[in-house]
>>> print(open('input.cif').read())   # mmCIF, C-alpha atoms, pLDDT in the B column; chains and numbers go by the auth columns
data_my_file
#
loop_
_atom_site.group_PDB
_atom_site.id
_atom_site.type_symbol
_atom_site.label_atom_id
_atom_site.label_comp_id
_atom_site.label_asym_id
_atom_site.label_seq_id
_atom_site.Cartn_x
_atom_site.Cartn_y
_atom_site.Cartn_z
_atom_site.B_iso_or_equiv
_atom_site.auth_seq_id
_atom_site.auth_asym_id
ATOM 1 C CA MET A 1 112.134 118.544 63.756 53.00 596 N
ATOM 2 C CA ILE A 2 110.891 116.610 66.747 59.00 597 N
ATOM 3 C CA ALA A 3 107.560 117.412 68.353 60.00 598 N
ATOM 4 C CA PRO A 4 107.482 118.898 71.829 64.00 599 N
ATOM 5 C CA PRO A 5 107.562 116.275 74.566 62.00 600 N
ATOM 6 C CA PRO A 6 104.294 114.480 75.172 60.00 601 N
ATOM 7 C CA PRO A 7 102.475 114.555 78.478 62.00 602 N
ATOM 8 C CA PRO A 8 103.423 111.869 80.999 69.00 603 N
ATOM 9 C CA ALA A 9 102.497 108.378 79.868 67.00 604 N
ATOM 10 C CA LEU A 10 99.902 107.910 82.589 70.00 605 N
ATOM 11 C CA LEU A 11 97.983 110.955 81.382 76.00 606 N
ATOM 12 C CA MET A 12 97.922 109.743 77.760 75.00 607 N
ATOM 13 C CA THR A 13 95.139 107.793 76.223 81.00 608 N
ATOM 14 C CA PRO A 14 96.162 104.462 74.649 83.00 609 N
ATOM 15 C CA GLN A 15 95.860 106.022 71.206 84.00 610 N
ATOM 16 C CA GLU A 16 98.186 108.916 72.190 78.00 611 N
ATOM 17 C CA ARG A 17 100.672 106.486 73.728 75.00 612 N
ATOM 18 C CA ARG A 18 100.728 104.424 70.534 78.00 613 N
ATOM 19 C CA ARG A 19 101.142 107.569 68.409 77.00 614 N
ATOM 20 C CA TRP A 20 104.034 108.749 70.603 74.00 615 N
ATOM 21 C CA LEU A 21 105.814 105.384 70.426 74.00 616 N
ATOM 22 C CA LEU A 22 105.461 105.297 66.649 73.00 617 N
ATOM 23 C CA SER A 23 106.902 108.829 66.359 75.00 618 N
ATOM 24 C CA THR A 24 110.137 108.077 68.235 77.00 619 N
ATOM 25 C CA TRP A 25 111.777 106.662 65.086 81.00 620 N
ATOM 26 C CA ARG A 26 112.428 110.296 64.112 82.00 621 N
ATOM 27 C CA TYR A 27 115.297 110.448 66.592 85.00 622 N
ATOM 28 C CA ALA A 28 117.240 107.925 64.485 89.00 623 N
ATOM 29 C CA VAL A 29 116.820 109.725 61.144 92.00 624 N
ATOM 30 C CA PRO A 30 120.117 111.722 61.210 94.00 625 N
ATOM 31 C CA ALA A 31 122.155 108.612 61.985 94.00 626 N
ATOM 32 C CA LEU A 32 120.292 106.560 59.369 95.00 627 N
ATOM 33 C CA VAL A 33 120.785 109.237 56.703 96.00 628 N
ATOM 34 C CA SER A 34 124.500 109.404 57.541 96.00 629 N
ATOM 35 C CA LEU A 35 124.805 105.616 57.323 96.00 630 N
ATOM 36 C CA LEU A 36 122.942 105.635 54.003 96.00 631 N
ATOM 37 C CA MET A 37 125.393 108.223 52.662 96.00 632 N
ATOM 38 C CA LEU A 38 128.269 105.982 53.748 95.00 633 N
ATOM 39 C CA LEU A 39 126.726 103.068 51.876 94.00 634 N
ATOM 40 C CA LEU A 40 126.352 105.315 48.841 92.00 635 N
ATOM 41 C CA MET A 41 130.105 105.961 48.986 90.00 636 N
ATOM 42 C CA VAL A 42 130.878 102.316 48.245 89.00 637 N
ATOM 43 C CA ALA A 43 128.725 102.343 45.123 85.00 638 N
ATOM 44 C CA PRO A 44 130.791 101.522 42.045 84.00 639 N
ATOM 45 C CA LEU A 45 131.793 104.488 39.902 77.00 640 N
ATOM 46 C CA PRO A 46 133.071 104.217 36.345 79.00 641 N
ATOM 47 C CA LEU A 47 136.029 106.500 37.149 71.00 642 N
ATOM 48 C CA SER A 48 139.697 105.605 37.159 69.00 643 N
ATOM 49 C CA VAL A 49 140.387 108.197 39.869 67.00 644 N
ATOM 50 C CA PRO A 50 139.231 107.866 43.493 68.00 645 N
ATOM 51 C CA ALA A 51 136.943 110.893 43.371 77.00 646 N
ATOM 52 C CA MET A 52 134.038 109.939 45.652 86.00 647 N
ATOM 53 C CA PRO A 53 133.217 112.795 48.043 91.00 648 N
ATOM 54 C CA GLN A 54 133.050 112.241 51.788 93.00 649 N
ATOM 55 C CA LEU A 55 129.255 111.914 51.796 94.00 650 N
ATOM 56 C CA GLY A 56 129.083 110.351 55.242 95.00 651 N
ATOM 57 C CA LEU A 57 131.112 113.112 56.846 95.00 652 N
ATOM 58 C CA MET A 58 129.116 115.791 55.074 95.00 653 N
ATOM 59 C CA ALA A 59 125.841 114.251 56.258 96.00 654 N
ATOM 60 C CA VAL A 60 127.186 114.188 59.828 96.00 655 N
ATOM 61 C CA LEU A 61 128.239 117.839 59.490 94.00 656 N
ATOM 62 C CA ALA A 62 124.890 118.855 58.014 94.00 657 N
ATOM 63 C CA TRP A 63 122.966 117.164 60.818 94.00 658 N
ATOM 64 C CA ALA A 64 125.325 118.628 63.422 92.00 659 N
ATOM 65 C CA LEU A 65 124.459 122.025 61.989 90.00 660 N
ATOM 66 C CA LEU A 66 120.714 121.481 61.486 90.00 661 N
ATOM 67 C CA GLN A 67 119.915 119.381 64.570 89.00 662 N
ATOM 68 C CA PRO A 68 122.877 119.360 66.984 90.00 663 N
ATOM 69 C CA VAL A 69 120.879 117.474 69.614 89.00 664 N
ATOM 70 C CA LEU A 70 120.255 114.597 67.199 90.00 665 N
ATOM 71 C CA MET A 71 123.894 114.359 66.014 93.00 666 N
ATOM 72 C CA PRO A 72 126.049 114.555 69.146 93.00 667 N
ATOM 73 C CA PRO A 73 129.775 113.793 68.934 94.00 668 N
ATOM 74 C CA TRP A 74 129.333 110.303 70.402 95.00 669 N
ATOM 75 C CA LEU A 75 126.913 109.404 67.601 95.00 670 N
ATOM 76 C CA ALA A 76 129.350 110.841 65.041 96.00 671 N
ATOM 77 C CA PHE A 77 131.983 108.569 66.609 97.00 672 N
ATOM 78 C CA PHE A 78 129.816 105.495 65.946 97.00 673 N
ATOM 79 C CA VAL A 79 129.039 106.616 62.385 97.00 674 N
ATOM 80 C CA GLY A 80 132.787 107.068 61.850 96.00 675 N
ATOM 81 C CA ALA A 81 133.492 103.625 63.330 97.00 676 N
ATOM 82 C CA PHE A 82 130.953 102.159 60.892 97.00 677 N
ATOM 83 C CA ALA A 83 132.783 103.993 58.090 96.00 678 N
ATOM 84 C CA ASP A 84 136.059 102.445 59.241 95.00 679 N
ATOM 85 C CA LEU A 85 134.528 98.974 59.165 95.00 680 N
ATOM 86 C CA LEU A 86 132.820 99.580 55.823 95.00 681 N
ATOM 87 C CA PHE A 87 135.927 100.916 54.066 92.00 682 N
ATOM 88 C CA GLY A 88 138.390 98.507 55.681 91.00 683 N
ATOM 89 C CA LEU A 89 140.344 101.268 57.405 90.00 684 N
ATOM 90 C CA PRO A 90 142.042 100.878 60.772 91.00 685 N
ATOM 91 C CA LEU A 91 139.367 101.180 63.438 92.00 686 N
ATOM 92 C CA GLY A 92 139.336 104.661 64.899 91.00 687 N
ATOM 93 C CA VAL A 93 140.595 106.733 61.969 92.00 688 N
ATOM 94 C CA ASN A 94 137.234 107.979 60.713 93.00 689 N
ATOM 95 C CA ALA A 95 135.709 107.639 64.173 95.00 690 N
ATOM 96 C CA THR A 96 138.199 110.154 65.562 93.00 691 N
ATOM 97 C CA ALA A 97 137.968 112.448 62.551 93.00 692 N
ATOM 98 C CA PHE A 98 134.135 112.439 62.482 95.00 693 N
ATOM 99 C CA THR A 99 134.022 113.254 66.191 96.00 694 N
ATOM 100 C CA LEU A 100 136.482 116.137 65.843 94.00 695 N
ATOM 101 C CA ALA A 101 134.673 117.455 62.744 93.00 696 N
ATOM 102 C CA THR A 102 131.357 117.395 64.614 94.00 697 N
ATOM 103 C CA GLY A 103 132.947 119.293 67.476 93.00 698 N
ATOM 104 C CA GLY A 104 134.321 121.821 64.999 91.00 699 N
ATOM 105 C CA MET A 105 130.892 122.213 63.406 90.00 700 N
ATOM 106 C CA ARG A 106 129.365 122.842 66.821 91.00 701 N
ATOM 107 C CA LEU A 107 131.987 125.506 67.516 91.00 702 N
ATOM 108 C CA LEU A 108 131.386 127.186 64.145 89.00 703 N
ATOM 109 C CA ALA A 109 127.575 126.821 64.209 87.00 704 N
ATOM 110 C CA PRO A 110 126.938 130.382 65.483 88.00 705 N
ATOM 111 C CA LEU A 111 128.700 131.741 62.373 88.00 706 N
ATOM 112 C CA PHE A 112 126.525 129.840 59.899 86.00 707 N
ATOM 113 C CA GLY A 113 123.587 131.549 58.227 80.00 708 N
ATOM 114 C CA ARG A 114 124.644 135.075 59.142 82.00 709 N
ATOM 115 C CA ASN A 115 127.167 135.975 56.466 82.00 710 N
ATOM 116 C CA GLY A 116 125.790 134.412 53.306 82.00 711 N
ATOM 117 C CA LEU A 117 126.194 131.188 51.391 82.00 712 N
ATOM 118 C CA MET A 118 129.771 131.753 50.257 87.00 713 N
ATOM 119 C CA PHE A 119 130.993 132.295 53.822 88.00 714 N
ATOM 120 C CA ASP A 120 129.160 129.152 54.964 86.00 715 N
ATOM 121 C CA TRP A 121 130.690 127.213 52.098 90.00 716 N
ATOM 122 C CA LEU A 122 134.130 128.548 53.043 92.00 717 N
ATOM 123 C CA LEU A 123 133.671 127.347 56.635 91.00 718 N
ATOM 124 C CA VAL A 124 132.676 123.884 55.424 92.00 719 N
ATOM 125 C CA CYS A 125 135.682 123.898 53.038 93.00 720 N
ATOM 126 C CA LEU A 126 137.863 124.632 56.046 93.00 721 N
ATOM 127 C CA LEU A 127 136.351 121.782 58.063 93.00 722 N
ATOM 128 C CA LEU A 128 136.678 119.363 55.149 93.00 723 N
ATOM 129 C CA PHE A 129 140.291 120.430 54.636 94.00 724 N
ATOM 130 C CA LEU A 130 141.053 119.877 58.309 93.00 725 N
ATOM 131 C CA PHE A 131 139.430 116.449 58.016 92.00 726 N
ATOM 132 C CA ALA A 132 141.608 115.556 55.015 91.00 727 N
ATOM 133 C CA ALA A 133 144.686 116.934 56.776 91.00 728 N
ATOM 134 C CA LEU A 134 143.871 114.808 59.825 92.00 729 N
ATOM 135 C CA ILE A 135 143.185 111.587 57.903 90.00 730 N
ATOM 136 C CA GLY A 136 146.672 111.539 56.359 88.00 731 N
ATOM 137 C CA PRO A 137 148.607 111.486 59.664 90.00 732 N
ATOM 138 C CA LEU A 138 146.076 109.161 61.321 89.00 733 N
ATOM 139 C CA MET A 139 146.466 106.650 58.506 90.00 734 N
ATOM 140 C CA ALA A 140 150.266 106.982 58.682 90.00 735 N
ATOM 141 C CA LEU A 141 150.078 106.438 62.429 90.00 736 N
ATOM 142 C CA ALA A 142 148.039 103.297 61.786 87.00 737 N
ATOM 143 C CA GLY A 143 150.756 102.047 59.423 88.00 738 N
ATOM 144 C CA ARG A 144 148.896 102.649 56.157 89.00 739 N
ATOM 145 C CA PRO A 145 150.049 105.996 54.717 90.00 740 N
ATOM 146 C CA VAL A 146 147.820 107.565 52.068 87.00 741 N
ATOM 147 C CA PRO A 147 149.192 109.535 49.093 88.00 742 N
ATOM 148 C CA LEU A 148 148.287 113.208 48.969 88.00 743 N
ATOM 149 C CA LEU A 149 146.547 113.200 45.558 89.00 744 N
ATOM 150 C CA PRO A 150 143.539 111.012 46.539 87.00 745 N
ATOM 151 C CA LEU A 151 142.965 113.130 49.644 89.00 746 N
ATOM 152 C CA VAL A 152 143.041 116.343 47.599 92.00 747 N
ATOM 153 C CA LEU A 153 140.665 114.895 44.971 91.00 748 N
ATOM 154 C CA GLN A 154 138.272 113.727 47.666 90.00 749 N
ATOM 155 C CA TRP A 155 138.429 117.149 49.316 93.00 750 N
ATOM 156 C CA LEU A 156 137.650 118.919 46.011 94.00 751 N
ATOM 157 C CA THR A 157 134.722 116.647 45.185 93.00 752 N
ATOM 158 C CA SER A 158 133.429 117.063 48.738 94.00 753 N
ATOM 159 C CA ILE A 159 133.540 120.848 48.394 95.00 754 N
ATOM 160 C CA LEU A 160 131.548 120.661 45.174 94.00 755 N
ATOM 161 C CA SER A 161 128.930 118.295 46.585 93.00 756 N
ATOM 162 C CA TRP A 162 128.380 120.060 49.935 94.00 757 N
ATOM 163 C CA PRO A 163 125.369 122.145 48.747 93.00 758 N
ATOM 164 C CA LEU A 164 123.585 119.009 47.493 95.00 759 N
ATOM 165 C CA VAL A 165 124.148 117.084 50.725 95.00 760 N
ATOM 166 C CA ALA A 166 123.167 120.049 52.914 92.00 761 N
ATOM 167 C CA ARG A 167 120.039 120.648 50.849 94.00 762 N
ATOM 168 C CA ALA A 168 119.058 116.969 51.016 95.00 763 N
ATOM 169 C CA CYS A 169 119.468 116.881 54.800 94.00 764 N
ATOM 170 C CA ALA A 170 117.533 120.148 55.159 92.00 765 N
ATOM 171 C CA ALA A 171 114.719 118.769 52.995 95.00 766 N
ATOM 172 C CA ILE A 172 114.541 115.638 55.153 93.00 767 N
ATOM 173 C CA GLN A 173 114.468 117.799 58.265 91.00 768 N
ATOM 174 C CA ARG A 174 111.667 120.000 56.881 91.00 769 N
ATOM 175 C CA ARG A 175 109.650 116.948 55.895 89.00 770 N
ATOM 176 C CA LEU A 176 110.005 115.412 59.333 84.00 771 N
ATOM 177 C CA ALA A 177 109.132 118.706 61.013 81.00 772 N
ATOM 178 C CA ALA A 178 106.014 119.028 58.888 82.00 773 N
ATOM 179 C CA THR A 179 104.791 115.554 59.796 76.00 774 N
ATOM 180 C CA ALA A 180 105.687 115.677 63.510 71.00 775 N
ATOM 181 C CA PRO A 181 102.716 114.880 65.730 64.00 776 N
ATOM 182 C CA SER A 182 101.333 117.618 67.908 62.00 777 N
ATOM 183 C CA TRP A 183 100.800 116.813 71.552 52.00 778 N
ATOM 184 C CA ARG A 184 99.059 120.014 72.491 51.00 779 N
ATOM 185 C CA GLY A 185 95.316 119.903 72.225 45.00 780 N
ATOM 186 C CA GLY A 186 95.329 116.293 71.668 42.00 781 N
#
>>> encode(input="input.cif", output="structure tokens")
Amino acid sequence: MIAPPPPPALLMTPQERRRWLLSTWRYAVPALVSLLMLLLMVAPLPLSVPAMPQLGLMAVLAWALLQPVLMPPWLAFFVGAFADLLFGLPLGVNATAFTLATGGMRLLAPLFGRNGLMFDWLLVCLLLFLFAALIGPLMALAGRPVPLLPLVLQWLTSILSWPLVARACAAIQRRLAATAPSWRGG
């Protein structure tokens, strides 16, 4: 996704230096996409049931799978902390869960893409289930217990929307890779 490193700044022409500085915004794309997905989660839905999928978590997981260098666990922690602030949850609930989910995705990353789509989907279902199972006790520990039904509904809608989120993140990654500047040959 990101171009190979440029030559040292002193060996660059002013035009190359300017082009390199303007291309560094690409490093922030995974975090910005994840934050945008979190903002999309607070969009009003005409449903009487809390059925919004965990779009922010799924974007973090997709970027941890596609570009692990650009979505390290510490960045997932900050995205989760933003989710806590955005949703009015006790600070640290989503931050801890996002960090652990990113670590789990990094551990499972060698298994992805080798056994077919259904196996990949099953692994993501497992990670999303572990996330939902972790959120319940963390919220109870923070003094705000959550009923089981909303967590199960959110888990089910997250399972169904995973292919769309993964495809969107992959499309963004392909687009950025296609437009990355080349530093070789000048």
>>> closest_residue(input="input.cif", among="N:Thr774, N:Thr608, N:Gln768, N:Thr752", to="Cys720 (chain N)", atoms="all atoms listed in the file")
N:Thr752
>>> atom_distance(input="input.cif", atom1="CA of Thr697 (chain N)", atom2="CA of Pro663 (chain N)")
9.0 Å
>>> residues_near_point(input="input.cif", point="(124.0, 103.5, 64.4)", cutoff="12 Å", atoms="all atoms listed in the file", output="list in words")
Tyr622, Ala623, Val624, Pro625, Ala626, Leu627, Val628, Ser629, Leu630, Leu631, Leu633, Met666, Trp669, Leu670, Ala671, Phe672, Phe673, Val674, Gly675, Ala676, Phe677 and Ala678 of chain N
>>> closest_residue(input="input.cif", among="N:Gly711, N:Pro648, N:Pro609, N:Pro639", to="Gln749 (chain N)", atoms="all atoms listed in the file")
N:Pro648
>>> resolve_selection(input="input.cif", expression="the PyMOL selection byres ((chain N and resi 726) around 12)", output="count of residues only")
36
>>> atom_distance(input="input.cif", atom1="CA of Arg709 (chain N)", atom2="CA of Pro667 (chain N)")
22.9 Å
>>> closest_residue(input="input.cif", among="N:Ala773, N:Met636, N:Met647, N:Leu703", to="Leu755 (chain N)", atoms="only C-alpha atoms")
N:Met647
>>> closest_residue(input="input.cif", among="N:Leu681, N:Leu748, N:Met734, N:Met632", to="Val655 (chain N)", atoms="only C-alpha atoms")
N:Met632
>>> closest_residue(input="input.cif", among="N:Leu660, N:Leu717, N:Leu642, N:Phe682", to="Pro705 (chain N)", atoms="all atoms listed in the file")
N:Leu660
>>> closest_residue(input="input.cif", among="N:Val760, N:Leu736, N:Leu617, N:Val637", to="Gly687 (chain N)", atoms="all atoms listed in the file")
N:Leu736
>>> atom_distance(input="input.cif", atom1="CA of Trp658 (chain N)", atom2="CA of Leu751 (chain N)")
20.9 Å
>>> build_atoms(input="input.cif", residues="region 616-639 of chain N", atoms="N, CA, C and O atoms", output="mmCIF file, in the coordinates of the input")
data_model
loop_
_atom_site.group_PDB
_atom_site.id
_atom_site.type_symbol
_atom_site.label_atom_id
_atom_site.label_comp_id
_atom_site.auth_asym_id
_atom_site.auth_seq_id
_atom_site.Cartn_x
_atom_site.Cartn_y
_atom_site.Cartn_z
ATOM 1 N N LEU N 616 104.829 106.439 70.642
ATOM 2 C CA LEU N 616 105.814 105.384 70.426
ATOM 3 C C LEU N 616 106.181 105.241 68.953
ATOM 4 O O LEU N 616 107.331 104.997 68.605
ATOM 5 N N LEU N 617 105.192 105.407 68.084
ATOM 6 C CA LEU N 617 105.461 105.297 66.649
ATOM 7 C C LEU N 617 106.215 106.512 66.110
ATOM 8 O O LEU N 617 106.813 106.440 65.032
ATOM 9 N N SER N 618 106.211 107.631 66.844
ATOM 10 C CA SER N 618 106.902 108.829 66.359
ATOM 11 C C SER N 618 108.350 108.905 66.850
ATOM 12 O O SER N 618 109.087 109.791 66.429
ATOM 13 N N THR N 619 108.772 107.998 67.712
ATOM 14 C CA THR N 619 110.137 108.077 68.235
ATOM 15 C C THR N 619 111.191 107.651 67.222
ATOM 16 O O THR N 619 112.371 107.905 67.448
ATOM 17 N N TRP N 620 110.812 107.039 66.112
ATOM 18 C CA TRP N 620 111.777 106.662 65.086
ATOM 19 C C TRP N 620 112.460 107.893 64.503
ATOM 20 O O TRP N 620 113.552 107.787 63.956
ATOM 21 N N ARG N 621 111.858 109.062 64.660
ATOM 22 C CA ARG N 621 112.428 110.296 64.112
ATOM 23 C C ARG N 621 113.781 110.631 64.719
ATOM 24 O O ARG N 621 114.589 111.288 64.092
ATOM 25 N N TYR N 622 114.020 110.172 65.941
ATOM 26 C CA TYR N 622 115.297 110.448 66.592
ATOM 27 C C TYR N 622 116.459 109.746 65.874
ATOM 28 O O TYR N 622 117.593 110.184 65.983
ATOM 29 N N ALA N 623 116.191 108.693 65.164
ATOM 30 C CA ALA N 623 117.240 107.925 64.485
ATOM 31 C C ALA N 623 117.496 108.402 63.055
ATOM 32 O O ALA N 623 118.446 107.934 62.430
ATOM 33 N N VAL N 624 116.704 109.317 62.543
ATOM 34 C CA VAL N 624 116.820 109.725 61.144
ATOM 35 C C VAL N 624 118.201 110.299 60.803
ATOM 36 O O VAL N 624 118.791 109.908 59.795
ATOM 37 N N PRO N 625 118.788 111.217 61.592
ATOM 38 C CA PRO N 625 120.117 111.722 61.210
ATOM 39 C C PRO N 625 121.170 110.625 61.110
ATOM 40 O O PRO N 625 121.973 110.617 60.167
ATOM 41 N N ALA N 626 121.176 109.702 62.044
ATOM 42 C CA ALA N 626 122.155 108.612 61.985
ATOM 43 C C ALA N 626 121.885 107.713 60.785
ATOM 44 O O ALA N 626 122.828 107.301 60.092
ATOM 45 N N LEU N 627 120.624 107.426 60.508
ATOM 46 C CA LEU N 627 120.292 106.560 59.369
ATOM 47 C C LEU N 627 120.655 107.220 58.043
ATOM 48 O O LEU N 627 121.151 106.554 57.130
ATOM 49 N N VAL N 628 120.417 108.525 57.930
ATOM 50 C CA VAL N 628 120.785 109.237 56.703
ATOM 51 C C VAL N 628 122.299 109.223 56.525
ATOM 52 O O VAL N 628 122.813 109.001 55.415
ATOM 53 N N SER N 629 123.041 109.430 57.615
ATOM 54 C CA SER N 629 124.500 109.404 57.541
ATOM 55 C C SER N 629 125.012 108.023 57.135
ATOM 56 O O SER N 629 125.930 107.902 56.310
ATOM 57 N N LEU N 630 124.409 106.978 57.692
ATOM 58 C CA LEU N 630 124.805 105.616 57.323
ATOM 59 C C LEU N 630 124.458 105.314 55.868
ATOM 60 O O LEU N 630 125.220 104.641 55.165
ATOM 61 N N LEU N 631 123.321 105.813 55.407
ATOM 62 C CA LEU N 631 122.942 105.635 54.003
ATOM 63 C C LEU N 631 123.927 106.338 53.072
ATOM 64 O O LEU N 631 124.303 105.795 52.021
ATOM 65 N N MET N 632 124.385 107.512 53.467
ATOM 66 C CA MET N 632 125.393 108.223 52.662
ATOM 67 C C MET N 632 126.705 107.443 52.623
ATOM 68 O O MET N 632 127.393 107.437 51.602
ATOM 69 N N LEU N 633 127.058 106.809 53.743
ATOM 70 C CA LEU N 633 128.269 105.982 53.748
ATOM 71 C C LEU N 633 128.126 104.801 52.795
ATOM 72 O O LEU N 633 129.070 104.452 52.077
ATOM 73 N N LEU N 634 126.956 104.180 52.796
ATOM 74 C CA LEU N 634 126.726 103.068 51.876
ATOM 75 C C LEU N 634 126.761 103.533 50.423
ATOM 76 O O LEU N 634 127.201 102.799 49.538
ATOM 77 N N LEU N 635 126.313 104.755 50.187
ATOM 78 C CA LEU N 635 126.352 105.315 48.841
ATOM 79 C C LEU N 635 127.797 105.532 48.377
ATOM 80 O O LEU N 635 128.096 105.455 47.181
ATOM 81 N N MET N 636 128.704 105.747 49.334
ATOM 82 C CA MET N 636 130.105 105.961 48.986
ATOM 83 C C MET N 636 130.775 104.703 48.433
ATOM 84 O O MET N 636 131.778 104.807 47.723
ATOM 85 N N VAL N 637 130.261 103.538 48.764
ATOM 86 C CA VAL N 637 130.878 102.316 48.245
ATOM 87 C C VAL N 637 130.233 101.858 46.941
ATOM 88 O O VAL N 637 130.587 100.803 46.428
ATOM 89 N N ALA N 638 129.332 102.666 46.410
ATOM 90 C CA ALA N 638 128.725 102.343 45.123
ATOM 91 C C ALA N 638 129.803 102.419 44.032
ATOM 92 O O ALA N 638 130.666 103.296 44.066
ATOM 93 N N PRO N 639 129.761 101.506 43.096
ATOM 94 C CA PRO N 639 130.791 101.522 42.045
ATOM 95 C C PRO N 639 130.631 102.728 41.122
ATOM 96 O O PRO N 639 129.529 103.092 40.732
#
